[in-house]
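See below for coords_20.cif, which holds mmCIF, C-alpha atoms.
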```
data_coords
#
loop_
_atom_site.label_atom_id
_atom_site.label_comp_id
_atom_site.auth_asym_id
_atom_site.auth_seq_id
_atom_site.Cartn_x
_atom_site.Cartn_y
_atom_site.Cartn_z
CA MET X 1 -44.08 -1.17 -119.22
CA ASN X 2 -44.20 1.03 -116.15
CA ALA X 3 -46.16 4.22 -116.46
CA ALA X 4 -44.23 7.26 -115.26
CA PRO X 5 -45.16 8.42 -111.75
CA ASP X 6 -48.39 10.29 -112.28
CA PRO X 7 -48.10 13.97 -111.31
CA GLY X 8 -51.88 13.96 -111.12
CA THR X 9 -51.69 12.08 -107.86
CA GLY X 10 -50.41 15.33 -106.41
CA PHE X 11 -47.65 13.98 -104.17
CA ALA X 12 -45.14 15.84 -106.37
CA GLN X 13 -46.36 19.26 -105.22
CA ASP X 14 -43.86 21.52 -103.53
CA VAL X 15 -44.36 22.77 -99.99
CA GLU X 16 -43.11 26.18 -98.91
CA ALA X 17 -40.44 26.13 -96.20
CA MET X 18 -42.51 28.59 -94.17
CA MET X 19 -45.51 26.27 -94.16
CA LEU X 20 -43.35 23.32 -93.12
CA ALA X 21 -41.78 25.35 -90.33
CA ARG X 22 -45.24 26.34 -89.06
CA ALA X 23 -46.38 22.73 -89.17
CA GLN X 24 -43.27 21.63 -87.29
CA ARG X 25 -44.22 24.14 -84.58
CA GLY X 26 -47.62 22.45 -84.29
CA ASP X 27 -49.68 25.10 -86.11
CA MET X 28 -53.03 23.45 -86.94
CA GLN X 29 -53.71 25.90 -89.76
CA ALA X 30 -50.51 24.73 -91.45
CA PHE X 31 -51.67 21.12 -91.05
CA ALA X 32 -55.02 22.07 -92.57
CA ALA X 33 -53.18 23.63 -95.52
CA LEU X 34 -51.10 20.47 -95.97
CA TYR X 35 -54.28 18.41 -95.92
CA GLU X 36 -55.81 20.76 -98.49
CA ARG X 37 -52.84 20.05 -100.74
CA PHE X 38 -52.15 16.37 -100.08
CA GLY X 39 -55.43 14.98 -98.74
CA ARG X 40 -56.73 14.09 -102.16
CA PRO X 41 -53.63 12.26 -103.47
CA CYS X 42 -53.36 10.47 -100.16
CA PHE X 43 -57.02 9.41 -100.28
CA SER X 44 -56.75 8.46 -103.95
CA LEU X 45 -53.73 6.23 -103.34
CA ALA X 46 -55.32 4.61 -100.29
CA LEU X 47 -58.54 4.00 -102.20
CA ARG X 48 -56.71 2.39 -105.11
CA MET X 49 -54.68 0.16 -102.83
CA LEU X 50 -57.43 -0.82 -100.40
CA GLY X 51 -60.43 -0.73 -102.71
CA GLN X 52 -62.85 0.35 -99.99
CA ARG X 53 -63.89 3.91 -99.36
CA GLN X 54 -64.34 3.58 -95.58
CA SER X 55 -60.96 1.88 -95.18
CA ALA X 56 -59.34 4.61 -97.29
CA GLU X 57 -60.90 7.36 -95.13
CA ASP X 58 -59.70 5.66 -91.95
CA LEU X 59 -56.26 5.26 -93.43
CA VAL X 60 -56.00 8.93 -94.47
CA GLN X 61 -56.95 9.89 -90.92
CA GLU X 62 -54.29 7.53 -89.55
CA VAL X 63 -51.66 8.91 -91.93
CA PHE X 64 -52.36 12.57 -91.15
CA LEU X 65 -52.40 11.92 -87.40
CA LYS X 66 -49.05 10.19 -87.76
CA MET X 67 -47.79 13.07 -89.91
CA ILE X 68 -48.81 15.55 -87.19
CA ASP X 69 -46.99 13.46 -84.59
CA THR X 70 -43.81 12.92 -86.58
CA ILE X 71 -43.38 16.00 -88.76
CA ARG X 72 -40.72 17.33 -86.38
CA SER X 73 -38.53 14.41 -87.41
CA TYR X 74 -38.89 15.34 -91.11
CA ARG X 75 -35.49 16.74 -92.09
CA GLY X 76 -36.21 17.61 -95.71
CA ASP X 77 -33.88 14.94 -97.15
CA ALA X 78 -36.66 14.01 -99.58
CA PRO X 79 -39.52 16.19 -100.85
CA PHE X 80 -42.36 16.43 -98.34
CA GLY X 81 -44.81 14.79 -100.76
CA ALA X 82 -42.51 11.79 -101.19
CA TRP X 83 -42.22 11.47 -97.40
CA LEU X 84 -46.00 11.61 -96.99
CA LYS X 85 -46.49 9.14 -99.82
CA ARG X 86 -44.13 6.74 -98.09
CA LEU X 87 -46.17 7.09 -94.87
CA THR X 88 -49.32 6.36 -96.86
CA VAL X 89 -47.92 3.31 -98.66
CA ASN X 90 -46.52 1.88 -95.42
CA ALA X 91 -49.87 2.40 -93.67
CA CYS X 92 -51.68 0.69 -96.56
CA ILE X 93 -49.35 -2.30 -96.43
CA ASP X 94 -49.76 -2.53 -92.66
CA HIS X 95 -53.51 -2.43 -93.17
CA LEU X 96 -53.31 -5.26 -95.72
CA ARG X 97 -51.15 -7.30 -93.34
CA ARG X 98 -53.77 -6.91 -90.64
CA GLN X 99 -56.54 -8.01 -92.97
CA ARG X 100 -57.56 -11.61 -92.74
CA GLY X 101 -56.52 -13.56 -95.82
CA GLY X 102 -54.01 -10.94 -96.87
CA SER X 103 -51.07 -13.31 -96.75
CA GLU X 104 -48.88 -13.88 -99.78
CA ASP X 105 -50.28 -17.39 -100.12
CA GLY X 106 -53.76 -15.88 -100.07
CA ALA X 107 -52.94 -13.48 -102.90
CA GLU X 108 -51.58 -16.28 -105.08
CA ALA X 109 -54.52 -18.53 -104.31
CA GLN X 110 -57.08 -15.83 -104.97
CA LEU X 111 -55.48 -14.95 -108.29
CA ALA X 112 -55.46 -18.60 -109.30
CA HIS X 113 -59.12 -18.86 -108.37
CA LEU X 114 -59.99 -15.74 -110.38
CA ALA X 115 -58.09 -17.03 -113.42
CA GLY X 116 -60.36 -20.01 -113.50
CA ASP X 117 -63.50 -17.90 -113.28
CA SER X 118 -64.66 -17.45 -116.87
CA GLY X 119 -68.19 -16.42 -116.12
CA GLU X 120 -67.53 -12.64 -116.10
CA THR X 121 -67.97 -10.47 -119.11
CA SER X 122 -65.99 -7.31 -119.77
CA THR X 123 -69.16 -5.43 -120.61
CA MET X 124 -69.79 -5.16 -116.85
CA VAL X 125 -66.40 -3.62 -116.16
CA ASP X 126 -65.92 -0.10 -114.78
CA ALA X 127 -62.68 1.61 -113.82
CA TRP X 128 -62.96 0.87 -110.10
CA SER X 129 -64.19 -2.64 -110.45
CA LEU X 130 -61.12 -3.40 -112.55
CA LEU X 131 -59.07 -2.94 -109.40
CA ALA X 132 -61.73 -4.30 -107.09
CA ARG X 133 -61.65 -7.63 -108.89
CA LEU X 134 -58.08 -8.22 -107.78
CA PRO X 135 -57.13 -9.68 -104.39
CA PRO X 136 -55.96 -6.97 -101.94
CA ARG X 137 -52.22 -7.70 -102.16
CA ALA X 138 -52.28 -8.12 -105.92
CA ARG X 139 -54.12 -4.82 -106.23
CA ALA X 140 -51.56 -3.11 -103.98
CA VAL X 141 -48.62 -4.50 -105.99
CA LEU X 142 -50.22 -3.44 -109.26
CA VAL X 143 -51.10 0.07 -108.04
CA LEU X 144 -47.63 0.69 -106.64
CA HIS X 145 -45.85 -0.69 -109.72
CA GLU X 146 -48.03 0.63 -112.52
CA PHE X 147 -49.41 3.87 -111.07
CA GLU X 148 -46.74 4.94 -108.62
CA GLY X 149 -43.61 3.73 -110.38
CA TYR X 150 -42.25 1.47 -107.64
CA THR X 151 -39.65 -1.07 -108.79
CA HIS X 152 -39.80 -4.76 -107.96
CA SER X 153 -36.83 -4.26 -105.67
CA GLU X 154 -38.72 -1.58 -103.73
CA LEU X 155 -41.87 -3.70 -103.64
CA ALA X 156 -39.89 -6.66 -102.33
CA GLU X 157 -38.59 -4.48 -99.49
CA LEU X 158 -42.03 -3.03 -98.72
CA PHE X 159 -43.78 -6.38 -98.59
CA GLY X 160 -40.89 -8.23 -96.99
CA GLN X 161 -40.82 -10.68 -99.91
CA SER X 162 -38.54 -11.57 -102.81
CA GLU X 163 -38.55 -9.74 -106.14
CA SER X 164 -39.83 -12.88 -107.83
CA TYR X 165 -42.87 -12.73 -105.53
CA SER X 166 -43.90 -9.26 -106.71
CA LYS X 167 -43.10 -10.14 -110.33
CA SER X 168 -45.30 -13.21 -110.10
CA ILE X 169 -48.17 -11.36 -108.42
CA LEU X 170 -47.93 -8.49 -110.92
CA ALA X 171 -47.88 -10.79 -113.95
CA ARG X 172 -50.98 -12.61 -112.75
CA ALA X 173 -52.76 -9.36 -111.88
CA LEU X 174 -51.95 -7.88 -115.31
CA GLY X 175 -53.16 -11.05 -116.97
CA ARG X 176 -56.37 -10.81 -115.02
CA LEU X 177 -56.92 -7.16 -115.98
CA ASN X 178 -56.03 -7.92 -119.58
CA ALA X 179 -58.69 -10.60 -119.70
CA LEU X 180 -61.23 -8.14 -118.30
CA VAL X 181 -60.63 -5.32 -120.78
CA THR X 182 -59.59 -6.98 -124.04
CA ALA X 183 -63.17 -7.38 -125.19
CA ARG X 184 -63.91 -3.72 -124.53
CA PRO X 185 -61.72 -0.62 -125.18
CA LEU X 186 -60.83 1.45 -122.13
CA GLU X 187 -62.55 4.47 -123.67
CA GLN X 188 -65.80 2.66 -123.16
CA VAL X 189 -65.09 1.74 -119.58
CA THR X 190 -67.73 3.19 -117.30
CA LEU X 191 -66.62 5.52 -114.52
CA CYS X 192 -68.22 5.40 -111.14
CA SER X 193 -67.13 5.78 -107.52
CA PRO X 194 -66.53 2.74 -105.40
CA LYS X 195 -69.21 1.87 -102.91
CA SER X 196 -68.68 2.92 -99.33
CA MET Y 197 -47.86 -6.12 -125.12
CA PHE Y 198 -50.41 -5.53 -122.41
CA SER Y 199 -49.85 -1.78 -122.44
CA LYS Y 200 -51.48 -1.63 -125.86
CA GLU Y 201 -54.73 -2.78 -124.33
CA LEU Y 202 -54.63 -0.86 -121.07
CA ASN Y 203 -53.00 2.52 -120.51
CA PHE Y 204 -52.35 2.92 -116.78
CA GLY Y 205 -51.74 6.66 -117.03
CA ASP Y 206 -55.14 7.06 -118.61
CA LEU Y 207 -56.73 4.70 -116.11
CA ALA Y 208 -55.16 6.65 -113.22
CA ARG Y 209 -56.65 9.90 -114.55
CA ARG Y 210 -60.04 8.22 -114.89
CA LEU Y 211 -59.83 6.87 -111.37
CA ASP Y 212 -58.85 10.29 -110.01
CA ALA Y 213 -61.72 11.93 -111.86
CA ALA Y 214 -64.13 9.40 -110.37
CA THR Y 215 -62.78 9.84 -106.83
CA GLU Y 216 -65.00 11.90 -104.56
CA MET Y 217 -63.17 13.27 -101.54
CA PRO Y 218 -65.08 12.96 -98.25
CA ALA Y 219 -66.02 16.53 -97.32
CA ASP Y 220 -65.76 16.12 -93.56
CA LEU Y 221 -62.48 14.22 -93.36
CA TRP Y 222 -60.23 17.07 -92.18
CA PRO Y 223 -62.61 18.14 -89.37
CA ARG Y 224 -62.62 14.50 -88.23
CA ILE Y 225 -58.82 14.35 -88.30
CA ALA Y 226 -58.53 17.65 -86.39
CA GLN Y 227 -61.07 16.40 -83.84
CA ALA Y 228 -59.23 13.09 -83.41
CA HIS Y 229 -55.97 15.01 -82.95
CA ALA Y 230 -57.55 17.25 -80.30
CA VAL Y 231 -58.90 14.23 -78.42
CA ARG Y 232 -55.50 12.49 -78.50
CA ARG Y 233 -53.76 15.69 -77.41
CA ARG Y 234 -56.11 16.16 -74.43
CA ARG Y 235 -55.59 12.53 -73.44
CA ARG Y 236 -51.80 12.92 -73.61
CA ILE Y 237 -51.96 16.08 -71.50
CA ARG Y 238 -54.11 14.28 -68.90
CA ILE Y 239 -51.63 11.39 -68.81
CA ARG Y 240 -48.70 13.80 -68.39
CA VAL Y 241 -50.46 15.74 -65.62
CA ALA Y 242 -51.36 12.50 -63.84
CA GLY Y 243 -47.76 11.32 -64.18
CA ALA Y 244 -46.42 14.59 -62.79
CA MET Y 245 -48.87 14.41 -59.86
CA VAL Y 246 -47.83 10.83 -59.07
CA PHE Y 247 -44.19 11.93 -59.15
CA VAL Y 248 -44.80 14.93 -56.86
CA LEU Y 249 -46.86 12.82 -54.44
CA GLY Y 250 -44.15 10.17 -54.44
CA VAL Y 251 -41.45 12.69 -53.64
CA ALA Y 252 -43.57 14.32 -50.93
CA GLY Y 253 -44.41 10.91 -49.46
CA SER Y 254 -40.78 9.89 -49.33
CA PHE Y 255 -39.96 13.08 -47.42
CA LEU Y 256 -42.73 12.37 -44.93
CA LEU Y 257 -41.87 8.72 -44.46
CA LEU Y 258 -38.10 9.03 -44.19
CA PRO Y 259 -36.63 9.87 -40.75
CA GLN Y 260 -35.53 13.44 -40.37
CA SER Y 261 -32.00 13.84 -41.66
CA PRO Y 262 -29.18 15.09 -39.39
CA ALA Y 263 -29.01 18.25 -41.48
CA GLY Y 264 -32.46 19.14 -40.14
CA THR Y 265 -31.52 18.75 -36.44
CA ASP Y 266 -31.84 21.85 -34.28
CA TRP Y 267 -28.44 21.60 -32.58
CA GLN Y 268 -29.00 24.71 -30.49
CA ALA Y 269 -32.18 23.25 -28.92
CA ARG Y 270 -30.43 19.93 -28.43
CA ALA Y 271 -27.52 21.62 -26.66
CA GLN Y 272 -29.88 23.47 -24.35
CA ALA Y 273 -31.75 20.24 -23.50
CA LEU Y 274 -28.48 18.46 -22.73
CA GLU Y 275 -27.40 21.32 -20.50
CA ILE Y 276 -30.59 21.02 -18.46
CA GLU Y 277 -30.14 17.29 -18.16
CA LEU Y 278 -26.50 17.77 -17.15
CA ARG Y 279 -27.54 19.84 -14.11
CA SER Y 280 -29.26 16.84 -12.58
CA PHE Y 281 -25.91 15.13 -12.09
CA PRO Y 282 -23.17 16.08 -9.61
CA ALA Y 283 -20.13 17.85 -11.02
CA ASP Y 284 -17.39 15.66 -12.36
CA ILE Y 285 -14.00 15.98 -10.72
CA GLY Y 286 -10.70 14.83 -12.07
CA ASP Y 287 -11.99 12.76 -15.01
CA PRO Y 288 -9.69 13.37 -17.99
CA ALA Y 289 -12.49 12.95 -20.55
CA ALA Y 290 -14.69 15.42 -18.66
CA ARG Y 291 -11.80 17.85 -18.40
CA GLU Y 292 -11.20 17.66 -22.12
CA ALA Y 293 -14.92 18.16 -22.82
CA ARG Y 294 -15.11 21.19 -20.54
CA SER Y 295 -12.08 22.67 -22.26
CA GLY Y 296 -13.73 22.13 -25.61
CA LEU Y 297 -16.95 23.68 -24.37
CA GLU Y 298 -15.10 26.78 -23.28
CA ARG Y 299 -13.47 27.08 -26.70
CA VAL Y 300 -16.80 26.58 -28.52
CA ASP Y 301 -18.62 29.08 -26.25
CA ASN Y 302 -16.00 31.70 -27.05
CA ALA Y 303 -16.30 30.96 -30.76
CA LEU Y 304 -20.09 31.21 -30.55
CA GLN Y 305 -19.94 34.49 -28.72
CA SER Y 306 -17.51 35.87 -31.26
CA ALA Y 307 -19.69 34.63 -34.12
CA TYR Y 308 -22.84 36.24 -32.69
CA ASP Y 309 -20.93 39.48 -32.15
CA ARG Y 310 -19.94 39.48 -35.83
CA GLY Y 311 -23.49 38.80 -36.88
CA ALA Y 312 -22.44 35.46 -38.39
CA ARG Y 313 -24.89 33.45 -40.51
CA ALA Y 314 -26.37 30.02 -39.83
CA ASN Y 315 -23.79 28.19 -41.94
CA GLU Y 316 -21.15 29.28 -39.36
CA LEU Y 317 -23.29 28.99 -36.23
CA VAL Y 318 -24.85 25.54 -36.84
CA PRO Y 319 -21.52 23.63 -36.84
CA LEU Y 320 -20.57 25.34 -33.56
CA TRP Y 321 -23.88 24.39 -31.90
CA LYS Y 322 -23.43 20.85 -33.20
CA GLU Y 323 -19.95 20.63 -31.69
CA ARG Y 324 -21.28 22.05 -28.41
CA SER Y 325 -24.03 19.36 -28.34
CA GLU Y 326 -21.50 16.61 -28.93
CA LEU Y 327 -19.24 17.89 -26.14
CA LEU Y 328 -22.20 18.13 -23.77
CA SER Y 329 -23.18 14.54 -24.70
CA THR Y 330 -19.67 13.42 -23.79
CA LEU Y 331 -19.80 15.29 -20.51
CA LEU Y 332 -23.24 13.86 -19.73
CA ALA Y 333 -22.02 10.33 -20.45
CA VAL Y 334 -19.11 10.82 -18.02
CA ARG Y 335 -21.38 12.15 -15.29
CA GLN Y 336 -23.93 9.33 -15.82
CA GLN Y 337 -21.14 6.78 -15.52
CA SER Y 338 -19.77 8.44 -12.34
CA ALA Y 339 -23.27 8.50 -10.84
CA SER Y 340 -23.79 4.81 -11.46
CA ILE Y 341 -20.41 3.94 -9.92
CA THR Y 342 -21.22 6.06 -6.86
CA ARG Y 343 -24.56 4.25 -6.42
CA ILE Y 344 -22.80 0.85 -6.56
#
```

This entry written out as structure tokens:
Amino acid sequence: MNAAPDPGTGFAQDVEAMMLARAQRGDMQAFAALYERFGRPCFSLALRMLGQRQSAEDLVQEVFLKMIDTIRSYRGDAPFGAWLKRLTVNACIDHLRRQRGGSEDGAEAQLAHLAGDSGETSTMVDAWSLLARLPPRARAVLVLHEFEGYTHSELAELFGQSESYSKSILARALGRLNALVTARPLEQVTLCSPKS
Amino acid sequence: MFSKELNFGDLARRLDAATEMPADLWPRIAQAHAVRRRRRIRIRVAGAMVFVLGVAGSFLLLPQSPAGTDWQARAQALEIELRSFPADIGDPAAREARSGLERVDNALQSAYDRGARANELVPLWKERSELLSTLLAVRQQSASITRI
């Protein structure tokens, strides 16, 4: 059921060795070029996981500042984009941990509460609100599993939980999304940007 | 299956298309980096200054080390002090000290004639000071006995 990792997110782009070497020497123009290339996928991932534009902007800033500080330790064992994506995902999960009510119990409880809410109609659904209607942790699990191709084993490690935890959260989140879109084909889903 | 109702690849493309990048994000990141860098530099400079001041303070507060003693000046001062006492006669320690002084004076003379450097002269002046101290102690003791 997993979608293949989406090359459209842009983390799969190659980085020239020369540009990396310049960045590792602290060249700000090289950092600007890396932002030009990876800023959008980083922002897009953060926005999907956090659901709030301002939080996503703050997180991208945090990730790039950390990248500037730690790029000397990047040895090239994995592609640069994968390394940066890992920084982004870790920062998002840290952000969710810091959020009040972001505990695993909270995610389960919020999903249970949403399942009982039958007052919504799918005619009001847009692409962003599909994700926004999920609790933060459930949204993060779904985004990482369905959009980014993370396995349950990897999710368990990232969240410090068991595999059954992420399976349970994902199943409930998918059920919730299914309920939202079944009455209306995705082609008719409205597109709009999330509110700041 | 759920995937028949919702295609996540398609949804991801729709989400990306609807995502507007903030135009001023990189300038903000670069500015934040510059601020952090300046702050780190200030902290490092302050740390270095504290270290230098600490080292300088410890030099000022500690007593002068023996390596810094001017043995030549000390020997000359002892010689002046020695003149205020009557000559010692027959004391074995004084005799030994005078013999040593003669040997050291010859060595000093020879060293100056050769144009010797401080690393050779300083130990000789130090030895001369120590011998003069011994001689002075003998004369002080003799003087006190005589007064009794």

Pick from X:Leu96, X:Ala179, X:Leu65, X:Met49, whichever lies nearest to Leu142 of chain X using only C-alpha atoms: X:Met49

Leaving out Leu274 of chain Y and any residue of its chain fewer than 3 positions from it, which residues lie within 9 Å of it when counting all atoms listed in the file, given as a compact mmCIF listing (two decimals) with C-alpha atoms, in the coordinates of the input?
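New file part-v5.txt:
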```txt
# COMPACT_ATOMS: atom_id res chain seq x y z
CA ALA Y 269 -32.18 23.25 -28.92
CA ARG Y 270 -30.43 19.93 -28.43
CA ALA Y 271 -27.52 21.62 -26.66
CA GLU Y 277 -30.14 17.29 -18.16
CA LEU Y 278 -26.50 17.77 -17.15
CA ARG Y 279 -27.54 19.84 -14.11
CA SER Y 325 -24.03 19.36 -28.34
CA LEU Y 328 -22.20 18.13 -23.77
CA SER Y 329 -23.18 14.54 -24.70
CA LEU Y 332 -23.24 13.86 -19.73
```

Selected residue, from Y:Phe281, Y:Leu256, Y:Asp301, Y:Gly311, that lies nearest to Ala333 of chain Y when counting only C-alpha atoms: Y:Phe281

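Here the PyMOL selection byres ((chain Y) within 9 of (chain X)) captures the residues Y:Met197, Y:Phe198, Y:Ser199, Y:Glu201, Y:Leu202, Y:Asn203, Y:Phe204, Y:Gly205, Y:Asp206, Y:Leu207, Y:Ala208, Y:Arg209, Y:Arg210, Y:Leu211, Y:Asp212, Y:Ala213, Y:Ala214, Y:Thr215, Y:Glu216, Y:Met217, Y:Pro218, Y:Leu221, Y:Trp222, Y:Arg224, Y:Ile225, Y:Ala226, Y:Ala228, Y:His229.
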
Go ahead and dump the residues you just picked, C-alpha atoms, as a PDB file, in the frame of the given file.
```pdb
ATOM      1  CA  MET Y 197     -47.860  -6.120-125.120  1.00  0.00           C
ATOM      2  CA  PHE Y 198     -50.410  -5.530-122.410  1.00  0.00           C
ATOM      3  CA  SER Y 199     -49.850  -1.780-122.440  1.00  0.00           C
ATOM      4  CA  GLU Y 201     -54.730  -2.780-124.330  1.00  0.00           C
ATOM      5  CA  LEU Y 202     -54.630  -0.860-121.070  1.00  0.00           C
ATOM      6  CA  ASN Y 203     -53.000   2.520-120.510  1.00  0.00           C
ATOM      7  CA  PHE Y 204     -52.350   2.920-116.780  1.00  0.00           C
ATOM      8  CA  GLY Y 205     -51.740   6.660-117.030  1.00  0.00           C
ATOM      9  CA  ASP Y 206     -55.140   7.060-118.610  1.00  0.00           C
ATOM     10  CA  LEU Y 207     -56.730   4.700-116.110  1.00  0.00           C
ATOM     11  CA  ALA Y 208     -55.160   6.650-113.220  1.00  0.00           C
ATOM     12  CA  ARG Y 209     -56.650   9.900-114.550  1.00  0.00           C
ATOM     13  CA  ARG Y 210     -60.040   8.220-114.890  1.00  0.00           C
ATOM     14  CA  LEU Y 211     -59.830   6.870-111.370  1.00  0.00           C
ATOM     15  CA  ASP Y 212     -58.850  10.290-110.010  1.00  0.00           C
ATOM     16  CA  ALA Y 213     -61.720  11.930-111.860  1.00  0.00           C
ATOM     17  CA  ALA Y 214     -64.130   9.400-110.370  1.00  0.00           C
ATOM     18  CA  THR Y 215     -62.780   9.840-106.830  1.00  0.00           C
ATOM     19  CA  GLU Y 216     -65.000  11.900-104.560  1.00  0.00           C
ATOM     20  CA  MET Y 217     -63.170  13.270-101.540  1.00  0.00           C
ATOM     21  CA  PRO Y 218     -65.080  12.960 -98.250  1.00  0.00           C
ATOM     22  CA  LEU Y 221     -62.480  14.220 -93.360  1.00  0.00           C
ATOM     23  CA  TRP Y 222     -60.230  17.070 -92.180  1.00  0.00           C
ATOM     24  CA  ARG Y 224     -62.620  14.500 -88.230  1.00  0.00           C
ATOM     25  CA  ILE Y 225     -58.820  14.350 -88.300  1.00  0.00           C
ATOM     26  CA  ALA Y 226     -58.530  17.650 -86.390  1.00  0.00           C
ATOM     27  CA  ALA Y 228     -59.230  13.090 -83.410  1.00  0.00           C
ATOM     28  CA  HIS Y 229     -55.970  15.010 -82.950  1.00  0.00           C
TER      29      HIS Y 229
END
```

All residues 12 Å or closer to Met18 of chain X, only C-alpha atoms, same chain fewer than 3 positions away omitted, as a PyMOL selection string: chain X and resi 14-15+21-25+27+30+33-34

Among listed residues X:Gln13, X:Asn90, X:Gln29, X:Gln52, nearest Ala132 of chain X (using all atoms listed in the file):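 Using all atoms listed in the file, the shortest distance to Ala132 of chain X belongs to X:Gln52.
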
Coordinates-based distance that separates atom CA of Ser153 of chain X from atom CA of Arg137 of chain X (Å, one decimal): 16.2 Å

Target residues per the PyMOL selection byres ((chain Y and resi 283) around 10), formatted as a PyMOL selection string: chain Y and resi 278-282+284-286+290+331+334-335+338-339

Pairwise distance for atom CA of Arg310 of chain Y and atom CA of Asp266 of chain Y, rounded to one decimal in Å: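 Going from atom CA of Arg310 of chain Y over to atom CA of Asp266 of chain Y covers 21.3 Å.
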
Interatomic distance (Å, one decimal) between atom CA of Gly243 of chain Y and atom CA of Arg72 of chain X: 24.1 Å

Show which residues sit within 10 Å of Val318 of chain Y, as a PDB file with C-alpha atoms, in the frame of the given file. Count all atoms listed in the file, and ignore same-chain residues fewer than 2 positions away.
```pdb
ATOM      1  CA  ALA Y 263     -29.010  18.250 -41.480  1.00  0.00           C
ATOM      2  CA  THR Y 265     -31.520  18.750 -36.440  1.00  0.00           C
ATOM      3  CA  ASP Y 266     -31.840  21.850 -34.280  1.00  0.00           C
ATOM      4  CA  TRP Y 267     -28.440  21.600 -32.580  1.00  0.00           C
ATOM      5  CA  GLN Y 268     -29.000  24.710 -30.490  1.00  0.00           C
ATOM      6  CA  LEU Y 304     -20.090  31.210 -30.550  1.00  0.00           C
ATOM      7  CA  ARG Y 313     -24.890  33.450 -40.510  1.00  0.00           C
ATOM      8  CA  ALA Y 314     -26.370  30.020 -39.830  1.00  0.00           C
ATOM      9  CA  ASN Y 315     -23.790  28.190 -41.940  1.00  0.00           C
ATOM     10  CA  GLU Y 316     -21.150  29.280 -39.360  1.00  0.00           C
ATOM     11  CA  LEU Y 320     -20.570  25.340 -33.560  1.00  0.00           C
ATOM     12  CA  TRP Y 321     -23.880  24.390 -31.900  1.00  0.00           C
ATOM     13  CA  LYS Y 322     -23.430  20.850 -33.200  1.00  0.00           C
ATOM     14  CA  GLU Y 323     -19.950  20.630 -31.690  1.00  0.00           C
ATOM     15  CA  ARG Y 324     -21.280  22.050 -28.410  1.00  0.00           C
TER      16      ARG Y 324
END
```

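The set of residues that the PyMOL selection byres ((chain X and resi 158-167) around 9) takes from this file is Val89, Asn90, Ile93, Glu104, Ala138, Val141, Leu142, His152, Ser153, Glu154, Leu155, Ala156, Glu157, Ser168, Ile169, Leu170, Ala171 and Arg172 of chain X.
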
Some atoms are missing, so please complete segment 158-171 of chain X with N, CA and C atoms and return it as a PDB file, in the frame of the given file.
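So the final result, stored in out-v3.pdb, reads:
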```pdb
ATOM      1  N   LEU X 158     -40.801  -3.463 -99.396  1.00  0.00           N
ATOM      2  CA  LEU X 158     -42.030  -3.030 -98.720  1.00  0.00           C
ATOM      3  C   LEU X 158     -42.839  -4.203 -98.195  1.00  0.00           C
ATOM      4  N   PHE X 159     -42.942  -5.249 -98.976  1.00  0.00           N
ATOM      5  CA  PHE X 159     -43.780  -6.380 -98.590  1.00  0.00           C
ATOM      6  C   PHE X 159     -43.000  -7.449 -97.828  1.00  0.00           C
ATOM      7  N   GLY X 160     -41.687  -7.242 -97.695  1.00  0.00           N
ATOM      8  CA  GLY X 160     -40.890  -8.230 -96.990  1.00  0.00           C
ATOM      9  C   GLY X 160     -40.844  -9.554 -97.753  1.00  0.00           C
ATOM     10  N   GLN X 161     -40.830  -9.469 -99.072  1.00  0.00           N
ATOM     11  CA  GLN X 161     -40.820 -10.680 -99.910  1.00  0.00           C
ATOM     12  C   GLN X 161     -39.691 -10.566-100.928  1.00  0.00           C
ATOM     13  N   SER X 162     -39.568 -11.603-101.767  1.00  0.00           N
ATOM     14  CA  SER X 162     -38.540 -11.570-102.810  1.00  0.00           C
ATOM     15  C   SER X 162     -39.072 -10.804-104.027  1.00  0.00           C
ATOM     16  N   GLU X 163     -38.141 -10.419-104.907  1.00  0.00           N
ATOM     17  CA  GLU X 163     -38.550  -9.740-106.140  1.00  0.00           C
ATOM     18  C   GLU X 163     -39.403 -10.662-107.005  1.00  0.00           C
ATOM     19  N   SER X 164     -39.067 -11.943-106.992  1.00  0.00           N
ATOM     20  CA  SER X 164     -39.830 -12.880-107.830  1.00  0.00           C
ATOM     21  C   SER X 164     -41.277 -12.954-107.366  1.00  0.00           C
ATOM     22  N   TYR X 165     -41.494 -12.737-106.048  1.00  0.00           N
ATOM     23  CA  TYR X 165     -42.870 -12.730-105.530  1.00  0.00           C
ATOM     24  C   TYR X 165     -43.669 -11.610-106.182  1.00  0.00           C
ATOM     25  N   SER X 166     -43.130 -10.375-106.156  1.00  0.00           N
ATOM     26  CA  SER X 166     -43.900  -9.260-106.710  1.00  0.00           C
ATOM     27  C   SER X 166     -44.035  -9.388-108.223  1.00  0.00           C
ATOM     28  N   LYS X 167     -43.007  -9.944-108.875  1.00  0.00           N
ATOM     29  CA  LYS X 167     -43.100 -10.140-110.330  1.00  0.00           C
ATOM     30  C   LYS X 167     -44.221 -11.122-110.654  1.00  0.00           C
ATOM     31  N   SER X 168     -44.281 -12.186-109.871  1.00  0.00           N
ATOM     32  CA  SER X 168     -45.300 -13.210-110.100  1.00  0.00           C
ATOM     33  C   SER X 168     -46.701 -12.645-109.872  1.00  0.00           C
ATOM     34  N   ILE X 169     -46.858 -11.935-108.735  1.00  0.00           N
ATOM     35  CA  ILE X 169     -48.170 -11.360-108.420  1.00  0.00           C
ATOM     36  C   ILE X 169     -48.579 -10.364-109.494  1.00  0.00           C
ATOM     37  N   LEU X 170     -47.616  -9.523-109.923  1.00  0.00           N
ATOM     38  CA  LEU X 170     -47.930  -8.490-110.920  1.00  0.00           C
ATOM     39  C   LEU X 170     -48.326  -9.130-112.249  1.00  0.00           C
ATOM     40  N   ALA X 171     -47.578 -10.140-112.668  1.00  0.00           N
ATOM     41  CA  ALA X 171     -47.880 -10.790-113.950  1.00  0.00           C
ATOM     42  C   ALA X 171     -49.280 -11.384-113.941  1.00  0.00           C
TER      43      ALA X 171
END
```
